[in-house]
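Coordinates from coords_16.txt are shown below (compact mmCIF, C-alpha atoms).
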# COMPACT_ATOMS: atom_id res chain seq x y z
CA MET A 1 115.83 56.41 58.60
CA ASN A 2 117.65 55.97 55.30
CA THR A 3 121.27 56.84 54.97
CA ILE A 4 121.50 59.95 52.86
CA ASP A 5 124.64 61.55 51.51
CA ALA A 6 126.15 63.47 54.42
CA GLY A 7 126.75 66.41 52.09
CA ALA A 8 122.99 66.98 51.86
CA TYR A 9 122.90 68.04 55.50
CA VAL A 10 123.88 71.48 56.66
CA LEU A 11 124.04 70.35 60.26
CA ARG A 12 124.49 66.87 61.63
CA THR A 13 125.25 65.39 65.04
CA ARG A 14 126.29 61.90 66.07
CA GLY A 15 125.92 60.61 69.63
CA LEU A 16 126.00 64.13 70.99
CA ARG A 17 126.24 64.32 74.78
CA LYS A 18 126.46 67.00 77.44
CA GLU A 19 126.84 66.07 81.08
CA TYR A 20 127.03 68.14 84.22
CA GLY A 21 128.20 67.12 87.68
CA ARG A 22 129.56 63.72 88.54
CA GLU A 23 128.73 60.38 90.13
CA ALA A 24 125.36 60.52 91.91
CA GLY A 25 124.91 64.14 90.88
CA LEU A 26 125.53 63.41 87.20
CA VAL A 27 122.99 65.08 84.91
CA ARG A 28 122.79 63.94 81.30
CA ALA A 29 121.36 67.14 79.79
CA VAL A 30 121.90 65.87 76.25
CA ASP A 31 122.11 62.11 76.03
CA GLY A 32 123.10 60.67 72.68
CA VAL A 33 121.41 62.91 70.12
CA ASP A 34 121.60 62.10 66.40
CA LEU A 35 120.24 65.01 64.40
CA GLU A 36 120.31 65.72 60.68
CA VAL A 37 119.14 69.03 59.30
CA ALA A 38 118.86 69.36 55.54
CA GLN A 39 119.58 72.53 53.57
CA GLY A 40 116.53 74.82 53.69
CA GLU A 41 114.74 72.76 56.31
CA THR A 42 112.95 74.17 59.36
CA VAL A 43 113.21 71.82 62.32
CA ALA A 44 111.47 72.44 65.63
CA ILE A 45 112.62 70.69 68.79
CA MET A 46 109.97 70.58 71.46
CA GLY A 47 109.84 69.33 74.99
CA PRO A 48 109.13 70.31 78.58
CA SER A 49 111.46 72.67 80.41
CA GLY A 50 114.55 70.86 81.57
CA CYS A 51 114.46 68.30 78.75
CA GLY A 52 117.80 69.57 77.42
CA LYS A 53 116.57 71.33 74.30
CA SER A 54 118.23 74.68 75.03
CA THR A 55 121.47 72.96 76.00
CA LEU A 56 121.32 71.11 72.68
CA LEU A 57 120.87 74.39 70.80
CA TYR A 58 123.86 75.91 72.60
CA LEU A 59 125.98 72.92 71.61
CA LEU A 60 124.83 73.18 67.98
CA GLY A 61 125.75 76.85 67.93
CA GLY A 62 129.17 76.34 69.50
CA LEU A 63 128.20 78.42 72.54
CA ASP A 64 128.90 75.47 74.80
CA ARG A 65 131.25 72.47 74.54
CA ALA A 66 129.94 68.90 74.20
CA SER A 67 130.99 66.12 76.59
CA GLY A 68 131.01 63.64 73.71
CA GLY A 69 129.88 62.99 70.16
CA GLU A 70 130.24 65.01 66.98
CA ILE A 71 128.65 68.15 65.50
CA TRP A 72 129.21 68.66 61.81
CA LEU A 73 128.50 72.07 60.31
CA ASP A 74 129.70 72.97 56.85
CA GLY A 75 132.04 69.98 56.74
CA GLN A 76 133.74 70.78 60.05
CA ASP A 77 133.40 69.04 63.40
CA LEU A 78 132.73 71.74 65.99
CA THR A 79 133.79 69.48 68.84
CA GLN A 80 137.34 69.35 67.44
CA MET A 81 137.78 73.08 66.83
CA SER A 82 139.91 75.54 68.76
CA GLU A 83 138.12 78.34 70.63
CA ARG A 84 139.32 80.78 68.05
CA ALA A 85 138.11 78.79 65.05
CA LEU A 86 134.82 78.21 66.83
CA ALA A 87 134.34 81.93 67.45
CA ARG A 88 134.96 82.58 63.77
CA LEU A 89 132.46 79.91 62.75
CA ARG A 90 129.83 81.36 65.12
CA ARG A 91 130.32 84.76 63.58
CA ASP A 92 130.31 83.67 59.94
CA ALA A 93 128.04 80.64 59.76
CA ILE A 94 125.51 80.76 62.60
CA GLY A 95 122.73 83.23 63.41
CA PHE A 96 121.18 83.28 66.88
CA VAL A 97 117.74 84.38 68.01
CA PHE A 98 117.00 84.40 71.73
CA GLN A 99 113.84 84.55 73.81
CA ALA A 100 114.79 87.86 75.41
CA PHE A 101 115.89 89.41 72.07
CA GLN A 102 119.35 90.38 73.47
CA LEU A 103 119.40 93.73 71.69
CA MET A 104 121.63 96.56 72.91
CA ASP A 105 119.26 99.17 74.33
CA GLU A 106 121.64 102.07 73.62
CA LEU A 107 121.80 101.28 69.91
CA THR A 108 119.12 101.91 67.29
CA ALA A 109 117.57 99.04 65.34
CA VAL A 110 119.91 99.49 62.38
CA GLU A 111 122.96 99.79 64.66
CA ASN A 112 122.00 96.56 66.39
CA VAL A 113 121.64 94.75 63.08
CA GLU A 114 124.94 95.99 61.62
CA LEU A 115 126.99 95.36 64.76
CA PRO A 116 128.00 91.74 63.98
CA ALA A 117 129.03 92.83 60.45
CA LEU A 118 131.21 95.60 61.88
CA LEU A 119 132.76 93.16 64.34
CA ALA A 120 133.54 90.92 61.36
CA SER A 121 135.46 93.85 59.86
CA ARG A 122 133.00 94.65 57.09
CA SER A 123 133.21 98.24 55.90
CA PRO A 124 130.80 100.54 57.78
CA ARG A 125 129.12 101.48 54.53
CA ALA A 126 128.58 97.86 53.41
CA ALA A 127 127.42 96.89 56.91
CA ARG A 128 124.88 99.73 57.01
CA LYS A 129 123.53 98.88 53.58
CA ARG A 130 123.14 95.21 54.48
CA ALA A 131 121.43 96.13 57.78
CA LEU A 132 118.95 98.46 56.08
CA ASP A 133 118.15 95.80 53.47
CA LEU A 134 117.48 93.28 56.19
CA LEU A 135 115.27 95.67 58.16
CA GLU A 136 113.27 96.17 55.03
CA GLN A 137 113.02 92.41 54.58
CA VAL A 138 111.60 92.02 58.10
CA GLY A 139 109.16 94.88 57.47
CA LEU A 140 110.84 97.48 59.70
CA ALA A 141 112.42 99.85 57.21
CA ASP A 142 110.57 102.77 58.82
CA ARG A 143 111.83 101.82 62.31
CA ALA A 144 115.55 101.71 61.51
CA ARG A 145 116.40 104.70 63.75
CA PHE A 146 114.22 103.62 66.66
CA LEU A 147 115.72 102.39 69.92
CA PRO A 148 114.60 98.90 71.05
CA THR A 149 112.58 100.46 73.89
CA GLN A 150 110.52 102.33 71.29
CA LEU A 151 109.57 99.07 69.57
CA SER A 152 106.95 96.43 70.41
CA GLY A 153 108.02 92.93 71.44
CA GLY A 154 107.28 91.50 68.03
CA GLN A 155 109.24 94.30 66.35
CA ARG A 156 112.21 93.77 68.66
CA GLN A 157 112.30 90.10 67.83
CA ARG A 158 112.17 90.94 64.11
CA VAL A 159 115.17 93.23 64.59
CA ALA A 160 116.91 90.33 66.35
CA VAL A 161 116.11 88.05 63.40
CA ALA A 162 117.52 90.65 60.98
CA ARG A 163 120.69 90.75 63.10
CA ALA A 164 120.92 86.95 63.00
CA LEU A 165 120.87 87.10 59.19
CA VAL A 166 123.49 89.80 58.71
CA ALA A 167 126.35 87.38 57.98
CA ASP A 168 124.25 85.16 55.66
CA PRO A 169 124.52 82.26 58.09
CA LEU A 170 124.27 78.62 57.03
CA VAL A 171 121.83 78.06 59.84
CA VAL A 172 119.73 80.19 62.17
CA LEU A 173 119.28 78.79 65.69
CA ALA A 174 116.35 80.16 67.68
CA ASP A 175 115.81 79.55 71.40
CA GLU A 176 112.14 80.08 72.42
CA PRO A 177 111.79 82.95 69.92
CA THR A 178 108.16 83.64 70.88
CA GLY A 179 108.54 82.97 74.60
CA ASN A 180 108.17 86.66 75.50
CA LEU A 181 105.52 87.53 72.91
CA ASP A 182 101.74 87.75 72.94
CA SER A 183 99.57 85.99 70.40
CA ALA A 184 99.61 88.70 67.71
CA ALA A 185 103.37 89.24 67.98
CA THR A 186 103.88 85.47 67.78
CA VAL A 187 102.12 85.50 64.40
CA GLU A 188 104.43 88.36 63.27
CA VAL A 189 107.50 86.29 64.05
CA LEU A 190 106.07 83.09 62.60
CA ARG A 191 105.30 84.92 59.36
CA LEU A 192 108.89 86.09 59.26
CA PHE A 193 110.23 82.56 59.82
CA ASP A 194 107.95 81.34 57.06
CA GLN A 195 109.36 84.00 54.75
CA LEU A 196 112.91 82.90 55.61
CA HIS A 197 111.95 79.29 54.98
CA THR A 198 110.62 80.20 51.55
CA ALA A 199 113.89 81.98 50.84
CA GLY A 200 115.76 78.73 51.61
CA GLN A 201 117.15 79.60 55.04
CA THR A 202 117.91 76.60 57.27
CA LEU A 203 116.33 77.02 60.71
CA VAL A 204 116.46 75.10 63.97
CA ILE A 205 113.98 76.30 66.56
CA VAL A 206 113.76 75.14 70.14
CA THR A 207 110.38 75.84 71.68
CA HIS A 208 107.71 74.70 74.05
CA ASP A 209 105.05 76.55 72.05
CA PRO A 210 103.13 74.11 69.83
CA ARG A 211 102.25 77.00 67.48
CA VAL A 212 105.89 77.51 66.63
CA ALA A 213 106.51 73.79 66.28
CA ALA A 214 103.52 73.40 63.97
CA THR A 215 104.99 75.79 61.41
CA ALA A 216 108.16 73.70 60.99
CA ASP A 217 108.75 71.01 58.34
CA ARG A 218 109.53 68.56 61.09
CA MET A 219 108.91 68.49 64.81
CA ILE A 220 111.10 66.44 67.12
CA SER A 221 109.98 65.66 70.67
CA MET A 222 112.71 65.69 73.27
CA ARG A 223 112.63 64.30 76.77
CA ASP A 224 115.34 63.65 79.35
CA GLY A 225 118.07 64.68 76.93
CA ALA A 226 117.02 62.37 74.09
CA PHE A 227 114.74 62.46 71.05
CA THR A 228 111.58 60.42 71.61
CA ASP A 229 109.30 61.10 68.64
CA GLN A 230 109.17 62.91 65.33
CA THR A 231 106.30 64.40 63.32
CA MET A 232 106.64 65.29 59.65
CA LEU A 233 104.58 68.38 58.93
CA GLN A 234 105.21 68.92 55.24
CA GLY A 235 102.53 68.62 52.62
CA GLY A 236 99.23 70.24 51.93
CA THR A 237 96.45 70.99 54.33
CA SER A 238 93.67 68.58 55.08
CA GLY A 239 91.00 71.10 54.11
CA ARG A 240 89.11 70.36 57.29
CA LEU A 241 89.37 73.68 59.07
CA GLY A 242 85.58 73.87 59.37
CA SER A 243 85.50 70.76 61.50
CA LEU A 244 87.95 72.41 63.90
CA ALA A 245 85.52 75.25 64.54
CA GLY A 246 82.39 73.13 64.93
CA LEU A 247 81.02 73.71 61.43
CA GLU A 248 80.96 70.08 60.35
CA GLY A 249 79.08 67.31 62.08
CA MET B 1 77.98 57.63 78.43
CA GLN B 2 80.73 56.81 75.96
CA GLN B 3 80.48 53.16 74.96
CA GLY B 4 84.22 52.95 74.32
CA ALA B 5 85.00 54.23 77.80
CA VAL B 6 82.66 51.75 79.48
CA LEU B 7 84.09 48.87 77.46
CA ALA B 8 87.64 49.92 78.22
CA MET B 9 86.99 49.91 81.96
CA LEU B 10 86.25 46.19 81.57
CA ALA B 11 89.34 45.45 79.46
CA LYS B 12 91.53 44.42 82.37
CA GLU B 13 89.03 42.11 84.04
CA PRO B 14 85.29 41.64 84.47
CA ALA B 15 83.63 43.74 87.15
CA HIS B 16 80.43 44.11 89.10
CA GLY B 17 78.30 47.07 88.11
CA TYR B 18 79.23 48.94 91.27
CA GLN B 19 82.96 48.26 90.71
CA LEU B 20 82.70 49.61 87.22
CA ARG B 21 81.10 52.77 88.57
CA ALA B 22 83.86 53.09 91.14
CA ARG B 23 86.54 52.71 88.44
CA LEU B 24 84.98 55.48 86.39
CA ARG B 25 84.60 57.67 89.43
CA GLU B 26 88.23 57.21 90.40
CA ALA B 27 89.39 57.98 86.87
CA LEU B 28 87.24 61.09 86.45
CA GLY B 29 87.10 62.59 89.96
CA PRO B 30 84.92 65.69 90.21
CA VAL B 31 84.60 65.82 86.40
CA GLY B 32 82.46 62.68 86.60
CA GLU B 33 80.17 64.01 89.34
CA GLY B 34 77.28 64.68 87.01
CA MET B 35 77.53 61.15 85.70
CA ASN B 36 74.30 59.26 86.16
CA ASP B 37 74.48 55.62 87.28
CA GLY B 38 71.39 54.87 85.21
CA GLN B 39 73.22 56.02 82.08
CA ILE B 40 76.02 53.55 82.71
CA TYR B 41 73.55 50.68 83.00
CA VAL B 42 71.69 51.80 79.89
CA THR B 43 75.01 51.77 78.06
CA LEU B 44 75.86 48.34 79.47
CA THR B 45 72.49 46.95 78.34
CA ARG B 46 73.08 48.33 74.87
CA LEU B 47 76.55 46.84 74.75
CA GLU B 48 75.14 43.50 75.90
CA LYS B 49 72.54 43.56 73.13
CA ALA B 50 75.27 44.40 70.63
CA GLY B 51 77.16 41.28 71.74
CA LEU B 52 80.13 43.22 73.13
CA VAL B 53 79.51 42.57 76.80
CA THR B 54 78.25 39.63 78.83
CA ALA B 55 76.23 40.21 81.99
CA GLU B 56 76.08 37.37 84.47
CA GLN B 57 73.92 37.29 87.47
CA GLU B 58 75.64 35.75 90.46
CA PRO B 59 73.66 33.10 92.31
CA GLY B 60 72.11 34.24 95.57
CA LEU B 61 72.39 37.94 94.79
CA PRO B 62 69.42 40.17 93.95
CA ASP B 63 68.71 40.76 90.25
CA ARG B 64 70.07 44.30 90.15
CA PRO B 65 72.38 45.78 87.55
CA ASP B 66 74.99 46.78 90.13
CA ARG B 67 75.21 43.14 91.33
CA LYS B 68 75.74 41.65 87.90
CA VAL B 69 79.23 40.82 86.68
CA TYR B 70 80.06 42.41 83.37
CA GLY B 71 82.81 41.18 81.08
CA LEU B 72 83.95 41.65 77.50
CA THR B 73 83.19 39.20 74.71
CA ALA B 74 85.79 38.62 71.99
CA ALA B 75 83.99 41.23 69.88
CA GLY B 76 84.11 43.59 72.86
CA GLN B 77 87.88 43.12 73.19
CA GLN B 78 88.21 43.85 69.49
CA ARG B 79 86.13 47.02 69.85
CA VAL B 80 88.34 48.26 72.72
CA THR B 81 91.46 47.74 70.64
CA GLU B 82 89.94 49.78 67.81
CA TRP B 83 88.80 52.46 70.21
CA LEU B 84 92.33 52.82 71.61
CA ALA B 85 93.71 53.38 68.12
CA GLU B 86 91.14 56.02 67.17
CA VAL B 87 92.13 59.66 67.16
CA SER B 88 89.27 61.48 68.85
CA TRP B 89 89.93 65.06 67.80
CA PRO B 90 88.62 67.33 66.15
CA LYS B 91 85.72 66.72 68.45
CA PRO B 92 87.83 66.93 71.53
CA ASP B 93 86.58 64.77 74.29
CA LEU B 94 89.12 65.15 77.04
CA ALA B 95 87.46 62.68 79.39
CA GLU B 96 87.31 60.02 76.72
CA PHE B 97 90.97 60.44 75.87
CA HIS B 98 91.89 60.40 79.55
CA LEU B 99 89.94 57.16 80.10
CA LYS B 100 91.63 55.71 77.05
CA LEU B 101 95.05 56.20 78.60
CA ILE B 102 93.94 54.75 81.92
CA ALA B 103 92.30 51.75 80.28
CA ALA B 104 95.26 51.13 77.97
CA ALA B 105 97.66 51.11 80.90
CA ALA B 106 95.43 49.09 83.25
CA ALA B 107 94.72 46.35 80.73
CA GLY B 108 98.22 46.43 79.24
CA LEU B 109 96.68 46.77 75.79
CA ALA B 110 98.74 49.69 74.58
CA ASP B 111 101.43 52.07 75.82
CA PRO B 112 99.71 55.32 76.85
CA VAL B 113 102.76 57.28 75.64
CA THR B 114 102.32 55.79 72.15
CA ILE B 115 98.67 56.85 72.15
CA ILE B 116 99.74 60.34 73.23
CA ASP B 117 102.39 60.51 70.47
CA THR B 118 99.81 59.52 67.83
CA GLN B 119 97.40 62.13 69.10
CA ARG B 120 100.09 64.81 69.15
CA ARG B 121 101.10 64.15 65.55
CA GLU B 122 97.49 64.52 64.48
CA LEU B 123 96.92 67.70 66.48
CA LEU B 124 100.15 69.25 65.23
CA ARG B 125 99.04 68.69 61.64
CA ARG B 126 95.73 70.38 62.39
CA LEU B 127 97.46 73.21 64.19
CA ARG B 128 99.73 73.61 61.20
CA ASP B 129 96.70 73.90 58.90
CA ALA B 130 95.02 76.47 61.13
CA GLN B 131 98.26 78.40 61.75
CA ARG B 132 99.04 78.57 58.03
CA ALA B 133 95.54 79.81 57.29
CA ALA B 134 95.84 82.39 60.09
CA MET B 135 99.20 83.64 58.79
CA ALA B 136 97.75 84.07 55.30
CA GLU B 137 94.91 86.28 56.54
CA PRO B 138 95.30 90.06 56.62
CA ASP B 139 95.55 91.46 60.16
CA ARG B 140 92.26 92.08 61.90
CA SER B 141 90.12 90.31 59.32
CA PRO B 142 87.11 88.55 60.87
CA ALA B 143 88.42 85.20 59.66
CA ALA B 144 91.78 85.85 61.34
CA LEU B 145 90.03 86.14 64.68
CA LEU B 146 88.17 82.86 64.25
CA LEU B 147 91.37 81.14 63.12
CA GLU B 148 93.18 82.51 66.16
CA GLY B 149 90.50 80.91 68.32
CA ILE B 150 91.09 77.55 66.62
CA VAL B 151 94.85 77.93 66.94
CA LEU B 152 94.72 78.81 70.64
CA SER B 153 92.40 75.94 71.44
CA LEU B 154 94.63 73.43 69.62
CA GLN B 155 97.59 74.96 71.42
CA ALA B 156 95.85 74.32 74.74
CA ASP B 157 95.10 70.72 73.72
CA LEU B 158 98.76 70.20 72.87
CA HIS B 159 99.86 71.65 76.20
CA TRP B 160 97.56 69.22 77.93
CA LEU B 161 99.00 66.32 75.91
CA GLU B 162 102.41 67.38 77.14
CA ALA B 163 101.13 67.10 80.71
CA CYS B 164 99.67 63.67 79.87
CA GLU B 165 103.00 62.57 78.47
CA GLN B 166 104.91 63.70 81.54
CA ASN B 167 102.48 61.92 83.83
CA TRP B 168 102.45 58.63 81.94
CA THR B 169 106.19 58.60 81.35
CA HIS B 170 106.61 59.08 85.08
CA GLN B 171 104.16 56.23 85.82
CA LYS B 172 106.03 53.96 83.45
CA GLU B 173 109.39 54.77 85.02
CA LYS B 174 107.97 54.14 88.47
CA HIS B 175 106.55 50.86 87.27
CA GLU B 176 109.82 49.77 85.67
CA SER B 177 112.10 50.66 88.56

Would you kindly transcribe this structure into structure tokens?
Amino acid sequence: MNTIDAGAYVLRTRGLRKEYGREAGLVRAVDGVDLEVAQGETVAIMGPSGCGKSTLLYLLGGLDRASGGEIWLDGQDLTQMSERALARLRRDAIGFVFQAFQLMDELTAVENVELPALLASRSPRAARKRALDLLEQVGLADRARFLPTQLSGGQRQRVAVARALVADPLVVLADEPTGNLDSAATVEVLRLFDQLHTAGQTLVIVTHDPRVAATADRMISMRDGAFTDQTMLQGGTSGRLGSLAGLEG
Amino acid sequence: MQQGAVLAMLAKEPAHGYQLRARLREALGPVGEGMNDGQIYVTLTRLEKAGLVTAEQEPGLPDRPDRKVYGLTAAGQQRVTEWLAEVSWPKPDLAEFHLKLIAAAAAGLADPVTIIDTQRRELLRRLRDAQRAAMAEPDRSPAALLLEGIVLSLQADLHWLEACEQNWTHQKEKHES
């Protein structure tokens, strides 16, 4: 790969490692990962369970500490930051989307979305306005006062995406975002990601669902803690959909 | 019977007709049960006529196709190499792809994992096309349903490729250690 100006990347890692255990029991969950994510890019990381992709995502998001290597986000190396600075960075610069949504069941959709803004000491009025705008953006303006249990799986995940966006993060990190969703709800969430991509949001998605990976600009295969292959998915379509359904000989 | 598959089974070394049948049977298991021995010999005869295969009768053995020794000509070797590099979808032929991996590994002609990676890149691009088209359709349109069928079937193919990759990576590691 060509060397590109480091400033062009929102997120970049060098020789990133995460190890558990020791000696014979040593597990290299992430084993020397070099990743570069450009501004506005959607990157999918795919691999079998246990390949280290979720661990990698947790390292990227500062939810877990690396054993070695560097993680650069917004000009700062996460591996060198204090817990306090890291917590601030997570709050201000990173949005998370999880497989199990992680919404608070006692709070309505809009209360869930505004919560991170309130925790970041935004005024209640500004936080509420931002949350309502985001719910509208994800197509749930009419569900703002619903509890999560009153929403479908796809709707819950869209609320979770709105919450991830509340601080205008530099990057959204998603861990198996469609893992708990059926086929129709998966399309709902993929449409939303596509909309974010068009709006210039940088996204890193870890998944074992090829459908999710196929909607990214770039798909990286991961195995045994390391990247093994990469597929560029940008560009136009081949115009051969008919042949996929048996219409062409 | 797939000509490429029959040729590839000979890529490692020449074989008697009955050995060739046994190789295919081992590779395909119950999936190959409906396979007709006659078909294999018809294919072999065609390949011989096309100059891709040689068939030698061993002295003292009856003149039967299962007793002949079949081997690849230079043109046959060339054809196998091309076949390994072909991407077989969108007409998915799982057995052909499976035999390709086995033949590539047995004859040391190509790394099965590389073949899998190539196939995955191609399938992902097709899935992307179908997924994009599906996302652009209004909900519950007839076309959306057909596109969902295409998407789900490509998704299944990709899951299977993942299983292929795990299996062949494992084989390679076993071989190397």

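From atom CA of Gly95 of chain A back to atom CA of Ser54 of chain A, the distance works out to 15.1 Å.
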
Please provide the set of residues having any atom within 10 Å of Ser183 of chain A, restricted to only C-alpha atoms, with same-chain residues fewer than 3 positions apart removed, written as JSON, numbers by chain.
{"A": [154, 178, 186, 187, 188, 211], "B": [148, 151, 152]}

Those residues with C-alpha atoms, as a PDB file, in the coordinates of the input please?
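Written file, again.pdb:
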ATOM      1  CA  GLY A 154     107.280  91.500  68.030  1.00  0.00           C
ATOM      2  CA  THR A 178     108.160  83.640  70.880  1.00  0.00           C
ATOM      3  CA  THR A 186     103.880  85.470  67.780  1.00  0.00           C
ATOM      4  CA  VAL A 187     102.120  85.500  64.400  1.00  0.00           C
ATOM      5  CA  GLU A 188     104.430  88.360  63.270  1.00  0.00           C
ATOM      6  CA  ARG A 211     102.250  77.000  67.480  1.00  0.00           C
TER       7      ARG A 211
ATOM      8  CA  GLU B 148      93.180  82.510  66.160  1.00  0.00           C
ATOM      9  CA  VAL B 151      94.850  77.930  66.940  1.00  0.00           C
ATOM     10  CA  LEU B 152      94.720  78.810  70.640  1.00  0.00           C
TER      11      LEU B 152
END

Quick one: residues within 8 Å of segment 191-206 of chain A, all atoms listed in the file counted, chain neighbours fewer than 3 positions away excluded, as a count of residues only?
29

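With atom CA of Gln155 of chain A on one side and atom CA of Leu59 of chain A on the other, the separation reads 27.7 Å.
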
Counting only C-alpha atoms, chain B residues within 7 Å of chain A, as a list of chain:residue names:
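Only these qualify: B:Pro90, B:Arg121, B:Leu124, B:Arg125, B:Leu127, B:Arg128, B:Asp129, B:Ala130, B:Met135, B:Ile150, B:Gln155, B:Leu158.
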
In Å, rounded to a single decimal, give me how far atom CA of Gln119 of chain B is from atom CA of Leu154 of chain B.
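Pair atom CA of Leu154 of chain B / atom CA of Gln119 of chain B returns 11.6 Å.
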
Counting all atoms listed in the file, what is within 10 Å of segment 17-30 of chain B, bar same-chain residues fewer than 3 positions away, as an mmCIF file with C-alpha atoms, in the frame of the given file?
data_model
loop_
_atom_site.group_PDB
_atom_site.id
_atom_site.type_symbol
_atom_site.label_atom_id
_atom_site.label_comp_id
_atom_site.auth_asym_id
_atom_site.auth_seq_id
_atom_site.Cartn_x
_atom_site.Cartn_y
_atom_site.Cartn_z
ATOM 1 C CA ALA B 5 85.000 54.230 77.800
ATOM 2 C CA VAL B 6 82.660 51.750 79.480
ATOM 3 C CA LEU B 7 84.090 48.870 77.460
ATOM 4 C CA MET B 9 86.990 49.910 81.960
ATOM 5 C CA LEU B 10 86.250 46.190 81.570
ATOM 6 C CA PRO B 14 85.290 41.640 84.470
ATOM 7 C CA GLU B 33 80.170 64.010 89.340
ATOM 8 C CA GLY B 34 77.280 64.680 87.010
ATOM 9 C CA MET B 35 77.530 61.150 85.700
ATOM 10 C CA ASN B 36 74.300 59.260 86.160
ATOM 11 C CA ASP B 37 74.480 55.620 87.280
ATOM 12 C CA ILE B 40 76.020 53.550 82.710
ATOM 13 C CA TYR B 41 73.550 50.680 83.000
ATOM 14 C CA LEU B 44 75.860 48.340 79.470
ATOM 15 C CA ALA B 55 76.230 40.210 81.990
ATOM 16 C CA ARG B 64 70.070 44.300 90.150
ATOM 17 C CA PRO B 65 72.380 45.780 87.550
ATOM 18 C CA ASP B 66 74.990 46.780 90.130
ATOM 19 C CA ARG B 67 75.210 43.140 91.330
ATOM 20 C CA LYS B 68 75.740 41.650 87.900
ATOM 21 C CA VAL B 69 79.230 40.820 86.680
ATOM 22 C CA TYR B 70 80.060 42.410 83.370
ATOM 23 C CA ALA B 95 87.460 62.680 79.390
ATOM 24 C CA GLU B 96 87.310 60.020 76.720
ATOM 25 C CA HIS B 98 91.890 60.400 79.550
ATOM 26 C CA LEU B 99 89.940 57.160 80.100
ATOM 27 C CA ILE B 102 93.940 54.750 81.920
ATOM 28 C CA ALA B 103 92.300 51.750 80.280
#

Near Arg14 of chain A, counting only C-alpha atoms, which residues have an atom at most 10 Å away, once you skip same-chain residues fewer than 4 positions from it, shown as a list in words?
Gly32, Val33, Asp34, Leu35, Glu36, Gly68, Gly69, Glu70, Ile71 and Trp72 of chain A

How would you write as number ranges by chain the residues that get within 10 Å of (115.8, 87.9, 74.5) in the file's frame, counting all atoms listed in the file?
A: 97-103, 153, 156-157, 160, 175-180

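Near (122.1, 87.4, 59.9), the residues inside the 10 Å limit, counting all atoms listed in the file, come to Arg91, Asp92, Ala93, Ile94, Gly95, Phe96, Val97, Val113, Glu114, Pro116, Ala117, Arg130, Ala131, Leu134, Ala160, Val161, Ala162, Arg163, Ala164, Leu165, Val166, Ala167, Asp168, Pro169, Leu170, Val171 and Val172 of chain A.
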